[in-house]
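To keep things clear, I will list the structure first and then write my remarks on it.
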Amino acid sequence: MSLLRSLRLCQVARTGSCSVRGFGPSTDLPSFKAESWLHEQAQKEGWSKAAKLHGRKTKEGLIGLLQEGNTTVLVEVNCETDFVSRNIKFQQLVQQVAFGAMLHCQSLKDQLSTYSKGFLNSSELSELPIGHEREGSLKDQLALAIGKLGENMTLKRAAWVKVPTGFYVGSYVHGTTHSPSLHNLVLGKYGAVVICETSEPKANLEDLGRRLGQHVVGMAPLSVGSLDDEPGGEAETKMLAQPYLLDPSITLGQYVQAQGVSVIDFVRFECGEGEEAAEAD
């Protein structure tokens, strides 16, 4: 209930926007060679450290949300302690992972007539390239971060959504920290994206999408459900039948009906979820 109370009371932060293209500074050839050698040495040390720390629990970390155009990605990167999750080097790792997931999604040349959604597990995420014209994969960046920060870390998962005209992706991140260099990357402990369909452009879609994402974070639905579902209580798992987080006197379904949009799908990430159950097993 503490999360629900904080969500109902907090003022939702707005995000800016900028392009993720052109990531990383340019260098001349001599400095590039020197940097490459230092990178290789650090990577060797990182892999050595990663091998020693392998198996240690990674319950903390951050959720990263990145949006560009019609594409949205959510990523989760874990570490051992909340102290390290607040370190700028760890946040830069989450930034690189979100950037890699975005490039992967944008490389999928699909003709959209409806929305598309996909997921990447830890192994798939680790093998993604770092970025345009840069050698190595995300697992190399993971090893570097482990070597620098001295904690076990994992690239847990990613989700991506692409939408055509007529659809809108609302988003919300709780416990927000803005990325140091990508202004449209938001970091936090919980994240959600909500896919909506609307028949006509609406001026308040950004605010509406943020409120729907806030509801998904706080109420943790398991499915969208139907507008025909009977209203439920706080234990209800169908999103549209749940009490609306910001006005429990109505259901979420009643709220979106009044706004003239349809909720089609959603994705919710909670940092560290599943770790307690895995430990108990």
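By convention here, the chains of the structure tokens are called A, B, ... in the order presented, each chain's residues are numbered starting at 1, and ligands are numbered starting at 1 in the order presented.
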List every residue of region 51-82 of chain A that has an atom at most 9 Å from any atom of region 255-271 of chain A, giving for each one its closest atom pair and the distance in Å to one decimal, counting only C-alpha atoms, sorted by chain and then by ascending residue number, as JSON lines.
```
{"residue": "A:Lys59", "atom": "CA", "partner": "A:Cys271", "partner_atom": "CA", "distance": 7.6}
{"residue": "A:Glu60", "atom": "CA", "partner": "A:Cys271", "partner_atom": "CA", "distance": 6.7}
{"residue": "A:Gly61", "atom": "CA", "partner": "A:Cys271", "partner_atom": "CA", "distance": 6.5}
{"residue": "A:Leu62", "atom": "CA", "partner": "A:Cys271", "partner_atom": "CA", "distance": 6.1}
{"residue": "A:Ile63", "atom": "CA", "partner": "A:Cys271", "partner_atom": "CA", "distance": 6.2}
{"residue": "A:Leu74", "atom": "CA", "partner": "A:Phe269", "partner_atom": "CA", "distance": 7.7}
{"residue": "A:Val75", "atom": "CA", "partner": "A:Phe269", "partner_atom": "CA", "distance": 8.2}
{"residue": "A:Glu76", "atom": "CA", "partner": "A:Cys271", "partner_atom": "CA", "distance": 6.7}
{"residue": "A:Val77", "atom": "CA", "partner": "A:Cys271", "partner_atom": "CA", "distance": 8.1}
{"residue": "A:Asn78", "atom": "CA", "partner": "A:Cys271", "partner_atom": "CA", "distance": 7.6}
```
Residues as selected, C-alpha atoms, written as a tab-separated table (two decimals), in the first residue's frame, can you do that?
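And here is the file that came out, selection25.tsv:
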```tsv
chain	number	residue	atom	x	y	z
A	59	LYS	CA	18.15	-7.92	-6.18
A	60	GLU	CA	18.72	-4.19	-6.68
A	61	GLY	CA	19.22	-2.13	-9.85
A	62	LEU	CA	17.21	0.09	-12.16
A	63	ILE	CA	14.49	0.07	-14.77
A	74	LEU	CA	11.91	-0.92	-21.15
A	75	VAL	CA	15.06	-2.56	-19.75
A	76	GLU	CA	16.06	-3.94	-16.36
A	77	VAL	CA	19.66	-4.11	-15.14
A	78	ASN	CA	20.40	-5.53	-11.70
```
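Closest approach to Lys117 (chain A) among A:Ala159, A:Ile250, A:Leu245, A:Leu93: A:Ala159, based on only C-alpha atoms.
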If you measure from CA of Met102 (chain A) to CA of Val161 (chain A), what distance in Å do you get, rounded to one decimal?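 Interatomic distance here is 9.8 Å.
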What does the distance between CA of Ala192 (chain A) and CA of Leu112 (chain A) come to in Å, to one decimal place?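 It comes out at 21.9 Å.
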